[in-house]
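Read the structure below first, then the notes.
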There are 2 protein chains.
Amino acid sequence: MTMETAKTTPERPYHHGDLRRAILSAALDVIAAEGPSALSLRDLARRAGVSHAAPAHHFKDRTGLLTAIAAEGHALLSAALTEATDLRDAGVHYVRFAREHPAHFQVMFTPELLRENDLELTTARALTADRLRQAVSDRGPEPGTDPRLAGVAAWSLAHGFATLLLGHNLDGAVGDQDPEEVFRTLTGMLFQPPSA
Amino acid sequence: MTMETAKTTPERPYHHGDLRRAILSAALDVIAAEGPSALSLRDLARRAGVSHAAPAHHFKDRTGLLTAIAAEGHALLSAALTEATDLRDAGVHYVRFAREHPAHFQVMFTPELLRENDLELTTARALTADRLRQAVSDRGPEPGTDPRLAGVAAWSLAHGFATLLLGHNLDGAVGDQDPEEVFRTLTGMLFQPPSA
DNA sequence: TGCGACAACTTGACACTGACAAGATTGCCC
DNA sequence: GGGCAATCTTGTCAGTGTCAAGTTGTCGCA
């Protein structure tokens with residue numbers, strides 16, 4: 001009486017059409033709402049109207065699904081960073097990405113959930129790293145500062161802000177202001193603008 | 001044949017003695033090694049040599065256990081922050097806490113895993129927030145900067161650095177250097193020292 | 001047009017998990 | 001010493017991930 005059977009009917013053909021995408025997007029919904037730990041492959045299958053083992057064919061594993069999400073996230077993020085005009089703008093794009101794709105963001109930075117040696121993931125991640133490096137070097141060499149350290153500083157700031165934001169740890173501080181604007185003024189405080 | 005029975009013998013008395021602490025510390029080990037998603041109450045019970053339902057009596061829930069860990073983490077962190085001499089030092093203590101108590105740190109900032117209305121947690125968390133505010137205000141009011149924003153900036157930087165560090169995202173950048181030292185020089189770059 | 005191979009999906013099973021209810025054991029306090 | 005509450009056990013249930021084996025559909029190619 002579990003009613004888990006998924007009979008094939010005119011409305012529900014044997015082949016779903018784009019099951020992979022359907023599972024992915026359902027997974028993103030769940031993760032954004034309740035975190036990765038609430039993710040259940042069987043639940044995703046039910047939402048897509050397929051049998052409980054169907055997801056495995058596309059993602060092999062729970063880990064496989066999450067790895068695919070992380071890789072997609074890196075692709076989205078690196079694309080967003082490409083549009084940045086300067087280092088500060090890259091930070092703003094970073095924060096915006098975290099807000100617009102919270103599920104991706106969370107999974108990307110939770111290594112226990114991922115297959116670290118996955119090819120798609122590592123290449124996508126390398127691309128993101130490239131974009132970050134590029135954003136830092138675009139700023140031009142500053143006297144007496146290791147560019148690598150500057151990159152770590154900028155990344156830490158943006159990542160910390162985004163993470164705390166998603167965890168609702170800054171609700172009191174930012175209030176009803178636009179988080180991106182807060183971040184912008186915040187970077188202005190730290191990174192002295194060239195024009196004083 | 002699951003061998004999950006735990007007969008009461010001279011070496012294994014009916015009452016464990018300090019089961020709560022034993023479960024907590026086993027949980028911290030697991031989380032530090034494989035993340036919170038790998039946590040199993042039954043596994044913890046096995047490690048402590050008690051029956052599978054024993055943990056529930058101390059923590060009620062999986063969520064209860066994680067909430068207790070988060071509360072303990074906040075107690076440890078606020079204590080560490082109390083020892084800080086100035087804002088930069090508070091950041092160093094923050095990073096050190098994350099490195100010394102990675103499991104606590106991770107759980108503290110994963111709200112989906114916690115019982116947010118838990119009294120012990122909210123009070124412990126409030127104490128941490130107080131210590132952070134205090135570290136910022138100790139620095140003294142700076143001209144033309146909102147102290148609240150300065151607090152967000154400092155917290156974001158420390159939190160981002162700690163998070164990226166634990167996720168092994170800075171391995172390449174910090175190399176074999178002491179992370180705390182890297183963080184110290186990093187803050188020196190951003191927060192201009194009073195003596196130029 | 002037919003056929004064969006492959007991809008997509010289903011069915012069934014197994015071990016494991018969190019949670020709950022009910023019972024057993026123990027230490028402790030009056 | 002007798003009860004009583006805290007601690008721990010046993011038994012059970014629904015739900016989960018994963019594997020193996022079978023079905024159904026699709027598409028290229030003779």
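Every chain in the structure tokens has a letter given in the order shown (A, B, ...), and although residue numbers restart at 1 in each chain, ligands are simply numbered from 1 in the order shown.
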Can you tell me, as a VMD selection string, what residues are no more than 9 Å from Val152 in chain A when counting only C-alpha atoms (C1' of nucleotides), ignoring any on the same chain fewer than 4 positions away?
-> (chain A and resid 147 to 148 156 to 157) or (chain B and resid 161 170 173 to 174 186)
| said: List the spatial neighbours of Gly188 in chain B as a list in words - criterion: any atom at most 12 Å away, only C-alpha atoms (C1' of nucleotides), same-chain residues fewer than 2 positions off excluded. | reply: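 Here the answer would be Gly144, Thr145, Leu149, Ala150, Ala153, Leu190 and Phe191 of chain A; Leu87, Arg88, Asp89, Gly91, Val92, Glu181, Val182, Phe183, Arg184, Thr185, Leu186, Leu190, Phe191, Gln192, Pro193, Pro194, Ser195 and Ala196 of chain B.
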Pull N, CA and C atoms from the residues just selected and write them as a PDB file, in the first residue's frame.
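Result file is out_28.pdb:
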```pdb
ATOM      1  N   GLY A 144      54.358  46.311  -2.397  1.00  0.00           N
ATOM      2  CA  GLY A 144      54.590  45.700  -1.097  1.00  0.00           C
ATOM      3  C   GLY A 144      53.536  44.731  -0.639  1.00  0.00           C
ATOM      4  N   THR A 145      52.657  44.294  -1.518  1.00  0.00           N
ATOM      5  CA  THR A 145      51.663  43.317  -1.096  1.00  0.00           C
ATOM      6  C   THR A 145      51.721  42.100  -2.002  1.00  0.00           C
ATOM      7  N   LEU A 149      48.307  36.814  -1.367  1.00  0.00           N
ATOM      8  CA  LEU A 149      47.663  37.141  -0.097  1.00  0.00           C
ATOM      9  C   LEU A 149      46.461  38.046  -0.325  1.00  0.00           C
ATOM     10  N   ALA A 150      46.613  38.982  -1.242  1.00  0.00           N
ATOM     11  CA  ALA A 150      45.490  39.869  -1.536  1.00  0.00           C
ATOM     12  C   ALA A 150      44.297  39.057  -2.028  1.00  0.00           C
ATOM     13  N   ALA A 153      42.682  37.429   0.876  1.00  0.00           N
ATOM     14  CA  ALA A 153      41.932  38.420   1.655  1.00  0.00           C
ATOM     15  C   ALA A 153      40.590  38.715   0.999  1.00  0.00           C
ATOM     16  N   LEU A 190      37.563  48.814   3.615  1.00  0.00           N
ATOM     17  CA  LEU A 190      38.810  48.070   3.780  1.00  0.00           C
ATOM     18  C   LEU A 190      39.816  48.363   2.677  1.00  0.00           C
ATOM     19  N   PHE A 191      39.377  48.125   1.461  1.00  0.00           N
ATOM     20  CA  PHE A 191      40.289  48.394   0.347  1.00  0.00           C
ATOM     21  C   PHE A 191      40.203  49.873   0.011  1.00  0.00           C
TER      22      PHE A 191
ATOM     23  N   LEU B  87      41.121  43.779  18.305  1.00  0.00           N
ATOM     24  CA  LEU B  87      40.272  43.241  17.254  1.00  0.00           C
ATOM     25  C   LEU B  87      41.011  42.220  16.401  1.00  0.00           C
ATOM     26  N   ARG B  88      42.224  42.572  16.009  1.00  0.00           N
ATOM     27  CA  ARG B  88      42.977  41.634  15.188  1.00  0.00           C
ATOM     28  C   ARG B  88      43.212  40.329  15.925  1.00  0.00           C
ATOM     29  N   ASP B  89      43.544  40.443  17.196  1.00  0.00           N
ATOM     30  CA  ASP B  89      43.776  39.250  18.001  1.00  0.00           C
ATOM     31  C   ASP B  89      42.494  38.418  18.127  1.00  0.00           C
ATOM     32  N   GLY B  91      40.316  38.119  15.825  1.00  0.00           N
ATOM     33  CA  GLY B  91      40.255  37.375  14.576  1.00  0.00           C
ATOM     34  C   GLY B  91      41.163  36.161  14.606  1.00  0.00           C
ATOM     35  N   VAL B  92      42.343  36.356  15.148  1.00  0.00           N
ATOM     36  CA  VAL B  92      43.277  35.226  15.248  1.00  0.00           C
ATOM     37  C   VAL B  92      42.686  34.132  16.135  1.00  0.00           C
ATOM     38  N   GLU B 181      49.398  32.871  11.190  1.00  0.00           N
ATOM     39  CA  GLU B 181      50.337  33.930  10.816  1.00  0.00           C
ATOM     40  C   GLU B 181      49.906  34.568   9.494  1.00  0.00           C
ATOM     41  N   VAL B 182      49.472  33.721   8.584  1.00  0.00           N
ATOM     42  CA  VAL B 182      48.974  34.236   7.312  1.00  0.00           C
ATOM     43  C   VAL B 182      47.806  35.185   7.565  1.00  0.00           C
ATOM     44  N   PHE B 183      46.923  34.769   8.435  1.00  0.00           N
ATOM     45  CA  PHE B 183      45.771  35.617   8.730  1.00  0.00           C
ATOM     46  C   PHE B 183      46.209  36.939   9.357  1.00  0.00           C
ATOM     47  N   ARG B 184      47.237  36.875  10.171  1.00  0.00           N
ATOM     48  CA  ARG B 184      47.704  38.090  10.833  1.00  0.00           C
ATOM     49  C   ARG B 184      48.233  39.096   9.801  1.00  0.00           C
ATOM     50  N   THR B 185      49.074  38.620   8.904  1.00  0.00           N
ATOM     51  CA  THR B 185      49.604  39.528   7.886  1.00  0.00           C
ATOM     52  C   THR B 185      48.479  40.025   6.983  1.00  0.00           C
ATOM     53  N   LEU B 186      47.512  39.144   6.779  1.00  0.00           N
ATOM     54  CA  LEU B 186      46.378  39.494   5.925  1.00  0.00           C
ATOM     55  C   LEU B 186      45.572  40.647   6.522  1.00  0.00           C
ATOM     56  N   LEU B 190      44.782  44.861   5.296  1.00  0.00           N
ATOM     57  CA  LEU B 190      43.479  45.520   5.135  1.00  0.00           C
ATOM     58  C   LEU B 190      43.270  46.627   6.158  1.00  0.00           C
ATOM     59  N   PHE B 191      43.357  46.233   7.421  1.00  0.00           N
ATOM     60  CA  PHE B 191      43.178  47.237   8.460  1.00  0.00           C
ATOM     61  C   PHE B 191      44.510  47.953   8.651  1.00  0.00           C
ATOM     62  N   GLN B 192      44.601  49.116   8.114  1.00  0.00           N
ATOM     63  CA  GLN B 192      45.859  49.848   8.180  1.00  0.00           C
ATOM     64  C   GLN B 192      46.292  50.005   9.633  1.00  0.00           C
ATOM     65  N   PRO B 193      47.513  49.640   9.936  1.00  0.00           N
ATOM     66  CA  PRO B 193      47.987  49.859  11.303  1.00  0.00           C
ATOM     67  C   PRO B 193      48.077  51.353  11.591  1.00  0.00           C
ATOM     68  N   PRO B 194      47.771  51.772  12.808  1.00  0.00           N
ATOM     69  CA  PRO B 194      47.772  53.193  13.164  1.00  0.00           C
ATOM     70  C   PRO B 194      49.113  53.847  12.881  1.00  0.00           C
ATOM     71  N   SER B 195      50.190  53.080  13.118  1.00  0.00           N
ATOM     72  CA  SER B 195      51.507  53.649  12.828  1.00  0.00           C
ATOM     73  C   SER B 195      51.862  53.321  11.390  1.00  0.00           C
ATOM     74  N   ALA B 196      51.946  54.366  10.551  1.00  0.00           N
ATOM     75  CA  ALA B 196      52.236  54.145   9.137  1.00  0.00           C
ATOM     76  C   ALA B 196      53.737  54.197   8.926  1.00  0.00           C
TER      77      ALA B 196
END
```
**Study point:** Among the residues C:DA22, C:DC29, C:DG2, C:DC16, the one that comes closest to chain B [using only C-alpha atoms (C1' of nucleotides)]
**Key:**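 Using only C-alpha atoms (C1' of nucleotides), the shortest distance to chain B belongs to C:DC16.
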Give me the residues near DT1 in chain C as a PyMOL selection string, where near means some atom within 12 Å (using only C-alpha atoms (C1' of nucleotides)) and where sequence neighbours in that chain fewer than 2 positions away do not count.
(chain C and resi 3) or (chain D and resi 29-30)
Keeping N, CA and C atoms (P, O5', C5', C4', C3', O3' and C1' of nucleotides), export the residues of the selection given above as a PDB file, in the first residue's frame.
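Generated output (out39.pdb):
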```pdb
ATOM      1  P    DC C   3      12.971  -8.940 -38.015  1.00  0.00           P
ATOM      2  O5'  DC C   3      14.432  -8.893 -37.406  1.00  0.00           O
ATOM      3  C5'  DC C   3      15.543  -8.460 -38.213  1.00  0.00           C
ATOM      4  C4'  DC C   3      16.588  -7.793 -37.353  1.00  0.00           C
ATOM      5  C3'  DC C   3      16.488  -8.161 -35.867  1.00  0.00           C
ATOM      6  O3'  DC C   3      17.790  -8.179 -35.341  1.00  0.00           O
ATOM      7  C1'  DC C   3      16.406  -5.863 -36.085  1.00  0.00           C
TER       8       DC C   3
ATOM      9  P    DC D  29      24.919   4.344 -37.842  1.00  0.00           P
ATOM     10  O5'  DC D  29      24.738   2.918 -38.505  1.00  0.00           O
ATOM     11  C5'  DC D  29      24.472   1.783 -37.669  1.00  0.00           C
ATOM     12  C4'  DC D  29      23.906   0.629 -38.484  1.00  0.00           C
ATOM     13  C3'  DC D  29      24.224   0.674 -39.996  1.00  0.00           C
ATOM     14  O3'  DC D  29      24.509  -0.635 -40.419  1.00  0.00           O
ATOM     15  C1'  DC D  29      21.929   0.503 -39.718  1.00  0.00           C
ATOM     16  P    DA D  30      25.360  -0.862 -41.731  1.00  0.00           P
ATOM     17  O5'  DA D  30      24.657  -2.113 -42.384  1.00  0.00           O
ATOM     18  C5'  DA D  30      24.649  -3.360 -41.701  1.00  0.00           C
ATOM     19  C4'  DA D  30      23.432  -4.157 -42.119  1.00  0.00           C
ATOM     20  C3'  DA D  30      23.374  -4.476 -43.614  1.00  0.00           C
ATOM     21  O3'  DA D  30      23.188  -5.865 -43.816  1.00  0.00           O
ATOM     22  C1'  DA D  30      21.366  -3.387 -42.937  1.00  0.00           C
TER      23       DA D  30
END
```
Just want the 12 Å neighbourhood of His93 in chain A, counted on only C-alpha atoms (C1' of nucleotides), with same-chain residues fewer than 2 positions away dropped. Output as a VMD selection string. chain A and resid 76 to 91 95 to 101 131 to 132 135 155 158 to 159 162 179 to 181 183 to 184
Limited to C-alpha atoms, could you put the picked residues into a file as a short mmCIF file (atom, residue, chain, number, x, y, z; two decimals), in the first residue's frame?
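Okay, out07.cif is ready:
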```cif
data_model
loop_
_atom_site.label_atom_id
_atom_site.label_comp_id
_atom_site.auth_asym_id
_atom_site.auth_seq_id
_atom_site.Cartn_x
_atom_site.Cartn_y
_atom_site.Cartn_z
CA LEU A 76 27.61 29.38 -12.94
CA LEU A 77 29.98 31.16 -10.59
CA SER A 78 32.88 31.35 -13.01
CA ALA A 79 30.53 32.72 -15.64
CA ALA A 80 29.32 35.36 -13.22
CA LEU A 81 32.85 36.32 -12.25
CA THR A 82 33.78 36.78 -15.89
CA GLU A 83 31.40 39.70 -16.07
CA ALA A 84 33.04 41.54 -13.19
CA THR A 85 34.71 44.84 -14.06
CA ASP A 86 37.15 44.97 -11.17
CA LEU A 87 38.02 43.22 -7.93
CA ARG A 88 35.33 44.85 -5.88
CA ASP A 89 32.76 44.06 -8.52
CA ALA A 90 33.93 40.46 -8.50
CA GLY A 91 33.15 40.36 -4.81
CA VAL A 95 27.83 37.57 -3.04
CA ARG A 96 25.06 37.81 -5.60
CA PHE A 97 25.76 34.30 -6.80
CA ALA A 98 25.51 32.97 -3.25
CA ARG A 99 22.16 34.69 -2.80
CA GLU A 100 20.73 33.62 -6.14
CA HIS A 101 22.01 30.05 -5.95
CA ARG A 131 38.54 33.76 -12.62
CA LEU A 132 39.32 34.65 -9.02
CA ALA A 135 40.04 39.43 -10.79
CA TRP A 155 38.06 35.78 -1.27
CA ALA A 158 33.41 37.81 0.10
CA HIS A 159 33.06 34.20 1.14
CA ALA A 162 28.11 35.39 1.77
CA PRO A 179 23.08 43.05 1.08
CA GLU A 180 25.05 43.74 -2.06
CA GLU A 181 25.10 47.43 -1.24
CA PHE A 183 29.02 44.58 0.89
CA ARG A 184 30.02 47.35 -1.47
#
```
Select residues of chain D: the criterion is any atom within 7 Å of an atom of chain B, counting only C-alpha atoms (C1' of nucleotides); output as a ChimeraX atom specification.
-> /D:7-9
| field | Nearest-residue call for chain B, choices A:Glu34, A:Asp43, A:Asp29, A:Glu72, using only C-alpha atoms | value |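 Nearest candidate to chain B out of A:Glu34, A:Asp43, A:Asp29, A:Glu72: A:Glu34.
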Do me a favour and pick out the residues of chain C within 9 Å of chain B, using only C-alpha atoms (C1' of nucleotides), as number ranges by chain. C: 17-19, 25-26
Test item: residues at most 9 Å from Met108 in chain B, only C-alpha atoms (C1' of nucleotides), excluding those fewer than 5 positions along its chain, as a list in words: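 What passes the distance filter is Leu66, Thr67, Ile69, Ala70, Ala71, Gly73, His74, Ala103, Leu113 and Leu114 of chain B.
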| request: Pick out the closest residue to chain A from this set: B:Ile31, B:Ala75, B:Ala124, B:Ala68. Count only C-alpha atoms. | output: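 Smallest separation from chain A among the options: B:Ile31.
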Checklist entry - Between CA of Glu116 in chain B and CA of Arg20 in chain B, what is the spacing in Å? => result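 Separating CA of Arg20 in chain B from CA of Glu116 in chain B is a distance of 21.0 Å.
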CA of Thr163 in chain A to CA of Arg139 in chain B measures 24.8 Å
* Selected residue, from A:Pro102, A:Gly151, A:Gly49, A:Gly64, that lies nearest to chain B when counting only C-alpha atoms ->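 Counting only C-alpha atoms, the residue closest to chain B is A:Gly151.
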